[in-house]
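These notes are about the structure you will find just below.
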Amino acid sequence: MAKFINHTINILPVLFEGLGVTLKLTVISAIFGTLLGLLAALARISRNPLLSAPAAAYVNLFRGTPLLLQLLTIYNALPQVGIKIPAFQAAVLGYSLNAGAYIAEIVRAAIQSIDRGQMEAARSLGMSYGLAMRRVILPQTYRRLLPPMVNELSALTKDTSLASTISILELMKYSNQFVSRTNLAWQTYIWTAAFYMVVTMSLSALASRMEKKLEARG
Amino acid sequence: MAEPIIVIEGLKKSFGKLEVLKGIDLTVHRGEVVVVIGPSGSGKSTLLRCINFLEQPTAGRVLFQGEEVGQRLVDGRLVPLPEKVLDAQRARMGMVFQRFNLFPHMTALENVIEAPVQVRKMPRAEAEQLGLRLLRRVGLADKAGQYPNFLSGGQQQRVAIARALAMEPDVMLFDEPTSALDPELVGEVLQVMQDLANDGMTMVVVTHEMGFAREVGDRVIFMDGGLIVEEGPPEQIFGEPRHQRTREFLSKVLH
């Protein structure tokens, strides 16, 4: 028991340091990814092919290739054509673009699930397409967006563990380094798993609270 | 007779190969209540939806207060009008839908004031006064804070009418406003519509309610197969229809 407590006291500060980086990477990428996803979804359902075609190409590219390949391309291949991005920014870029592609599909599906009569009613009142989208359609998607967004953001949280491959020191990397130093694989990995789970389960809890709030409208 | 407010000329509409409207000419005058009846698939809803350009006519034109709605004929081609022009035209036409289409994330009052605040930039306090006045007019002042899902179908449709009226439209379009209602809720909606007609509102009503057509309509249009088969005052259409198809239709719906 004393041994276990001793290990824990040694592991936790190391993991907390990694958790900070993981959270920073996740939150920033989630914000950019959501904005990007929203814009790509709106572009993709546009009747203007100059908007919808690039949006479709973007989604297909980033959903159709491995995330690891995307990260390595940004970090290793872009410098070869003169675009050098520091590791953390490269990771944010990669995760944002990747999450954006998935979120675009989530948002598009949610928008298209709203009854067509809603847009018609809004337009018949003289509202522009943009106004109707912002005031009438998008607010109705929030509740439907919550479950798939929790999935996507949980995936993003866990996927940030790949950032160690482009030399970012995040939770997984710290954890693994600690194991190489101490050989305490079980103890370290269990604590690491707990850290990830605290993050993803907080997300779920937050979402179900928001869901309850939105449910009040019946 | 009062001035024409809607003039429809040679209106055609096709969905792919299916021609739903085959050449409609119709004039609606200010203050008039025009009731459109006919079997399902006759094109009456499509006609109504062409008036405010929810459907894009394939040929012909719709004039609203002298302006072409939604598109203009230029060198033999129909060219869409700028979105802003269309939005302004639609703002002057109220529409009531079969399935109400209230905004479920807004209360009854918020539904009613949404367009005045967002489109007409009316100050919120003023819009709320207008909204409450309109909800009172449709008998729902006590439901102002209620979300649509907690209202009956008849109540929802009355809120939808108040919402359309909030833009102070010059004409109201009704697309089968009672078809989705339980029978016992039809009366309250028809009553509101009758009050509106009595107040002098110009109305185009697509409906299966023959009682309403007879009592409230100034003119009844019978459509079948994408064409206007017969039109006239209700006494004539219901009393002595001239066309065989009108007679057949009426004998089916009037039992």
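Letters A, B, ... go to the chains of the structure tokens in the order shown; residues in each chain start at 1; ligands are counted from 1 in the same order.
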### Task
May I ask you to extract the residues of chain B within 10 Å of chain A, using only C-alpha atoms, and to give them as a PyMOL selection string?
chain B and resi 49+52-54+83-107+111+114-116+118-120+146-150+160+163-167+169
### Message
Using DSSP assignments from the backbone, pull out every residue in stretch 122-220 of chain B that falls under alpha helix (DSSP H) and give it to me as number ranges by chain.
### Response
B: 124-137, 153-165, 183-198, 210-216
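The two atoms in question, atom CA of B:Ile113 and atom CA of B:Met203, are spaced 21.7 Å apart.
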Can you tell me, as a PDB file with N, CA, C and O atoms, in the first residue's frame, what residues are no more than 12 Å from A:Leu145 when counting only C-alpha atoms, ignoring any on the same chain fewer than 2 positions away?
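Saved the output as out_26.pdb:
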```pdb
ATOM      1  N   THR A  34     -14.876  23.246 -34.794  1.00  0.00           N
ATOM      2  CA  THR A  34     -16.320  23.493 -34.821  1.00  0.00           C
ATOM      3  C   THR A  34     -16.662  24.631 -35.774  1.00  0.00           C
ATOM      4  O   THR A  34     -17.598  24.533 -36.571  1.00  0.00           O
ATOM      5  N   LEU A  38     -18.827  24.109 -39.120  1.00  0.00           N
ATOM      6  CA  LEU A  38     -20.063  24.856 -39.367  1.00  0.00           C
ATOM      7  C   LEU A  38     -20.009  25.521 -40.742  1.00  0.00           C
ATOM      8  O   LEU A  38     -20.940  25.421 -41.543  1.00  0.00           O
ATOM      9  N   ILE A 103     -17.132  17.225 -38.211  1.00  0.00           N
ATOM     10  CA  ILE A 103     -18.181  18.097 -37.675  1.00  0.00           C
ATOM     11  C   ILE A 103     -19.048  18.648 -38.806  1.00  0.00           C
ATOM     12  O   ILE A 103     -20.259  18.800 -38.661  1.00  0.00           O
ATOM     13  N   ALA A 104     -18.432  18.911 -39.962  1.00  0.00           N
ATOM     14  CA  ALA A 104     -19.207  19.393 -41.115  1.00  0.00           C
ATOM     15  C   ALA A 104     -20.316  18.412 -41.453  1.00  0.00           C
ATOM     16  O   ALA A 104     -21.458  18.812 -41.701  1.00  0.00           O
ATOM     17  N   GLU A 105     -19.984  17.132 -41.438  1.00  0.00           N
ATOM     18  CA  GLU A 105     -20.997  16.126 -41.755  1.00  0.00           C
ATOM     19  C   GLU A 105     -22.052  16.025 -40.665  1.00  0.00           C
ATOM     20  O   GLU A 105     -23.233  15.832 -40.942  1.00  0.00           O
ATOM     21  N   ILE A 106     -21.628  16.183 -39.415  1.00  0.00           N
ATOM     22  CA  ILE A 106     -22.580  16.150 -38.299  1.00  0.00           C
ATOM     23  C   ILE A 106     -23.568  17.321 -38.420  1.00  0.00           C
ATOM     24  O   ILE A 106     -24.784  17.148 -38.310  1.00  0.00           O
ATOM     25  N   VAL A 107     -23.017  18.511 -38.682  1.00  0.00           N
ATOM     26  CA  VAL A 107     -23.872  19.705 -38.764  1.00  0.00           C
ATOM     27  C   VAL A 107     -24.784  19.626 -39.990  1.00  0.00           C
ATOM     28  O   VAL A 107     -25.970  19.943 -39.916  1.00  0.00           O
ATOM     29  N   ARG A 108     -24.227  19.151 -41.095  1.00  0.00           N
ATOM     30  CA  ARG A 108     -25.031  19.041 -42.319  1.00  0.00           C
ATOM     31  C   ARG A 108     -26.213  18.106 -42.094  1.00  0.00           C
ATOM     32  O   ARG A 108     -27.354  18.427 -42.429  1.00  0.00           O
ATOM     33  N   ALA A 109     -25.936  16.961 -41.492  1.00  0.00           N
ATOM     34  CA  ALA A 109     -27.021  16.003 -41.245  1.00  0.00           C
ATOM     35  C   ALA A 109     -28.079  16.629 -40.329  1.00  0.00           C
ATOM     36  O   ALA A 109     -29.276  16.463 -40.539  1.00  0.00           O
ATOM     37  N   ALA A 110     -27.630  17.368 -39.323  1.00  0.00           N
ATOM     38  CA  ALA A 110     -28.574  17.975 -38.383  1.00  0.00           C
ATOM     39  C   ALA A 110     -29.428  19.032 -39.088  1.00  0.00           C
ATOM     40  O   ALA A 110     -30.641  19.088 -38.897  1.00  0.00           O
ATOM     41  N   ILE A 111     -28.800  19.850 -39.917  1.00  0.00           N
ATOM     42  CA  ILE A 111     -29.560  20.885 -40.637  1.00  0.00           C
ATOM     43  C   ILE A 111     -30.583  20.226 -41.547  1.00  0.00           C
ATOM     44  O   ILE A 111     -31.741  20.621 -41.605  1.00  0.00           O
ATOM     45  N   GLN A 112     -30.148  19.172 -42.245  1.00  0.00           N
ATOM     46  CA  GLN A 112     -31.051  18.543 -43.205  1.00  0.00           C
ATOM     47  C   GLN A 112     -32.149  17.731 -42.530  1.00  0.00           C
ATOM     48  O   GLN A 112     -33.123  17.367 -43.180  1.00  0.00           O
ATOM     49  N   SER A 113     -31.990  17.462 -41.236  1.00  0.00           N
ATOM     50  CA  SER A 113     -33.050  16.734 -40.533  1.00  0.00           C
ATOM     51  C   SER A 113     -34.172  17.667 -40.081  1.00  0.00           C
ATOM     52  O   SER A 113     -35.218  17.212 -39.648  1.00  0.00           O
ATOM     53  N   ILE A 114     -33.951  18.968 -40.178  1.00  0.00           N
ATOM     54  CA  ILE A 114     -34.998  19.913 -39.765  1.00  0.00           C
ATOM     55  C   ILE A 114     -36.047  19.990 -40.874  1.00  0.00           C
ATOM     56  O   ILE A 114     -35.708  20.102 -42.045  1.00  0.00           O
ATOM     57  N   LEU A 138     -30.590  26.718 -37.333  1.00  0.00           N
ATOM     58  CA  LEU A 138     -29.464  26.273 -36.496  1.00  0.00           C
ATOM     59  C   LEU A 138     -29.850  26.069 -35.022  1.00  0.00           C
ATOM     60  O   LEU A 138     -29.466  25.055 -34.434  1.00  0.00           O
ATOM     61  N   PRO A 139     -30.617  26.995 -34.412  1.00  0.00           N
ATOM     62  CA  PRO A 139     -30.974  26.750 -33.002  1.00  0.00           C
ATOM     63  C   PRO A 139     -31.716  25.433 -32.794  1.00  0.00           C
ATOM     64  O   PRO A 139     -31.625  24.833 -31.727  1.00  0.00           O
ATOM     65  N   GLN A 140     -32.437  24.982 -33.821  1.00  0.00           N
ATOM     66  CA  GLN A 140     -33.167  23.719 -33.676  1.00  0.00           C
ATOM     67  C   GLN A 140     -32.257  22.510 -33.805  1.00  0.00           C
ATOM     68  O   GLN A 140     -32.651  21.390 -33.475  1.00  0.00           O
ATOM     69  N   THR A 141     -31.051  22.720 -34.322  1.00  0.00           N
ATOM     70  CA  THR A 141     -30.143  21.585 -34.485  1.00  0.00           C
ATOM     71  C   THR A 141     -29.371  21.297 -33.197  1.00  0.00           C
ATOM     72  O   THR A 141     -28.824  20.217 -33.045  1.00  0.00           O
ATOM     73  N   TYR A 142     -29.310  22.261 -32.275  1.00  0.00           N
ATOM     74  CA  TYR A 142     -28.430  22.118 -31.107  1.00  0.00           C
ATOM     75  C   TYR A 142     -28.636  20.790 -30.385  1.00  0.00           C
ATOM     76  O   TYR A 142     -27.685  20.089 -30.067  1.00  0.00           O
ATOM     77  N   ARG A 143     -29.915  20.465 -30.129  1.00  0.00           N
ATOM     78  CA  ARG A 143     -30.182  19.256 -29.367  1.00  0.00           C
ATOM     79  C   ARG A 143     -29.741  18.007 -30.130  1.00  0.00           C
ATOM     80  O   ARG A 143     -29.225  17.072 -29.555  1.00  0.00           O
ATOM     81  N   PRO A 147     -25.343  14.730 -29.054  1.00  0.00           N
ATOM     82  CA  PRO A 147     -24.741  13.387 -28.962  1.00  0.00           C
ATOM     83  C   PRO A 147     -23.592  13.157 -29.959  1.00  0.00           C
ATOM     84  O   PRO A 147     -22.512  12.722 -29.541  1.00  0.00           O
ATOM     85  N   PRO A 148     -23.769  13.457 -31.256  1.00  0.00           N
ATOM     86  CA  PRO A 148     -22.636  13.229 -32.162  1.00  0.00           C
ATOM     87  C   PRO A 148     -21.439  14.147 -31.870  1.00  0.00           C
ATOM     88  O   PRO A 148     -20.289  13.767 -32.113  1.00  0.00           O
ATOM     89  N   MET A 149     -21.719  15.352 -31.343  1.00  0.00           N
ATOM     90  CA  MET A 149     -20.599  16.239 -31.020  1.00  0.00           C
ATOM     91  C   MET A 149     -19.808  15.707 -29.827  1.00  0.00           C
ATOM     92  O   MET A 149     -18.583  15.834 -29.779  1.00  0.00           O
ATOM     93  N   VAL A 150     -20.497  15.106 -28.861  1.00  0.00           N
ATOM     94  CA  VAL A 150     -19.795  14.497 -27.736  1.00  0.00           C
ATOM     95  C   VAL A 150     -18.884  13.380 -28.246  1.00  0.00           C
ATOM     96  O   VAL A 150     -17.706  13.280 -27.864  1.00  0.00           O
ATOM     97  N   ASN A 151     -19.413  12.580 -29.151  1.00  0.00           N
ATOM     98  CA  ASN A 151     -18.597  11.528 -29.766  1.00  0.00           C
ATOM     99  C   ASN A 151     -17.358  12.102 -30.428  1.00  0.00           C
ATOM    100  O   ASN A 151     -16.242  11.621 -30.226  1.00  0.00           O
ATOM    101  N   GLU A 152     -17.590  13.125 -31.237  1.00  0.00           N
ATOM    102  CA  GLU A 152     -16.505  13.693 -32.026  1.00  0.00           C
ATOM    103  C   GLU A 152     -15.445  14.321 -31.114  1.00  0.00           C
ATOM    104  O   GLU A 152     -14.249  14.134 -31.305  1.00  0.00           O
ATOM    105  N   LEU A 153     -15.890  15.064 -30.111  1.00  0.00           N
ATOM    106  CA  LEU A 153     -14.931  15.735 -29.230  1.00  0.00           C
ATOM    107  C   LEU A 153     -14.217  14.726 -28.323  1.00  0.00           C
ATOM    108  O   LEU A 153     -13.052  14.924 -27.968  1.00  0.00           O
ATOM    109  N   ALA A 207     -22.781  17.670 -21.698  1.00  0.00           N
ATOM    110  CA  ALA A 207     -23.763  17.560 -22.779  1.00  0.00           C
ATOM    111  C   ALA A 207     -25.126  17.163 -22.256  1.00  0.00           C
ATOM    112  O   ALA A 207     -26.147  17.700 -22.693  1.00  0.00           O
ATOM    113  N   SER A 208     -25.171  16.233 -21.298  1.00  0.00           N
ATOM    114  CA  SER A 208     -26.513  15.826 -20.851  1.00  0.00           C
ATOM    115  C   SER A 208     -27.168  16.928 -20.032  1.00  0.00           C
ATOM    116  O   SER A 208     -28.395  17.058 -20.035  1.00  0.00           O
ATOM    117  N   MET A 210     -26.814  20.128 -20.828  1.00  0.00           N
ATOM    118  CA  MET A 210     -27.329  21.025 -21.861  1.00  0.00           C
ATOM    119  C   MET A 210     -28.578  20.437 -22.497  1.00  0.00           C
ATOM    120  O   MET A 210     -29.523  21.148 -22.813  1.00  0.00           O
ATOM    121  N   GLU A 211     -28.571  19.115 -22.667  1.00  0.00           N
ATOM    122  CA  GLU A 211     -29.718  18.449 -23.279  1.00  0.00           C
ATOM    123  C   GLU A 211     -30.972  18.648 -22.436  1.00  0.00           C
ATOM    124  O   GLU A 211     -32.049  18.929 -22.962  1.00  0.00           O
ATOM    125  N   LEU A 214     -32.348  22.094 -22.928  1.00  0.00           N
ATOM    126  CA  LEU A 214     -33.034  22.272 -24.205  1.00  0.00           C
ATOM    127  C   LEU A 214     -34.355  21.508 -24.239  1.00  0.00           C
ATOM    128  O   LEU A 214     -35.263  21.854 -24.971  1.00  0.00           O
TER     129      LEU A 214
END
```
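Of note, atom CA of A:Tyr102 and atom CA of A:Ala41 are spaced 9.8 Å apart.
Using only C-alpha atoms for every distance, the candidate list B:Val138, B:Met172, B:Val36, B:Ala127 yields B:Val36 as the residue closest to B:Thr207.
Pairwise distance (atom CA of A:Arg47, atom CA of A:Phe62) equals 22.4 Å.
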### Query
So which residues touch B:Leu135 within 8 Å, counting only C-alpha atoms, skipping near sequence neighbours fewer than 2 positions away, as a list in words?
Leu109, Gly131, Leu132, Arg133, Arg137, Val138, Gly139, Leu140, Ala141, Ala144, Val159 and Ala162 of chain B
Give me a file of those residues, with C-alpha atoms, as a compact mmCIF listing (two decimals), in the first residue's frame.
```txt
# COMPACT_ATOMS: atom_id res chain seq x y z
CA LEU B 109 -45.10 35.33 -28.48
CA GLY B 131 -47.63 40.40 -30.58
CA LEU B 132 -49.86 40.36 -27.51
CA ARG B 133 -52.53 42.31 -29.37
CA ARG B 137 -57.13 38.72 -31.54
CA VAL B 138 -56.78 34.96 -32.16
CA GLY B 139 -57.93 34.24 -28.59
CA LEU B 140 -54.57 33.09 -27.21
CA ALA B 141 -53.32 35.95 -25.06
CA ALA B 144 -48.01 33.89 -25.01
CA VAL B 159 -50.51 31.37 -33.37
CA ALA B 162 -50.97 35.77 -35.64
```
### Query
How would you write, as JSON, numbers by chain, the set of residues in stretch 2-247 of chain B that DSSP gives as strand (DSSP E or B)?
{"B": [4, 5, 6, 7, 8, 9, 10, 11, 12, 13, 14, 15, 18, 19, 20, 21, 22, 23, 24, 25, 26, 27, 28, 29, 33, 34, 35, 36, 37, 59, 60, 61, 62, 63, 64, 67, 68, 71, 72, 73, 74, 77, 78, 79, 80, 93, 94, 95, 96, 171, 172, 173, 174, 175, 203, 204, 205, 206, 219, 220, 221, 222, 223, 224, 227, 228, 229, 230, 231, 232]}
### Query
Smallest atom-to-atom distance to B:Val206: which of B:Ser40, B:Ala125, B:Gln155, B:Val192, using only C-alpha atoms?
B:Ser40
### Message
Calculated over only C-alpha atoms, which of the candidates A:Thr26, A:Gln177, A:Gln80, A:Ser154 has the smallest distance to A:Met197?
### Response
A:Ser154
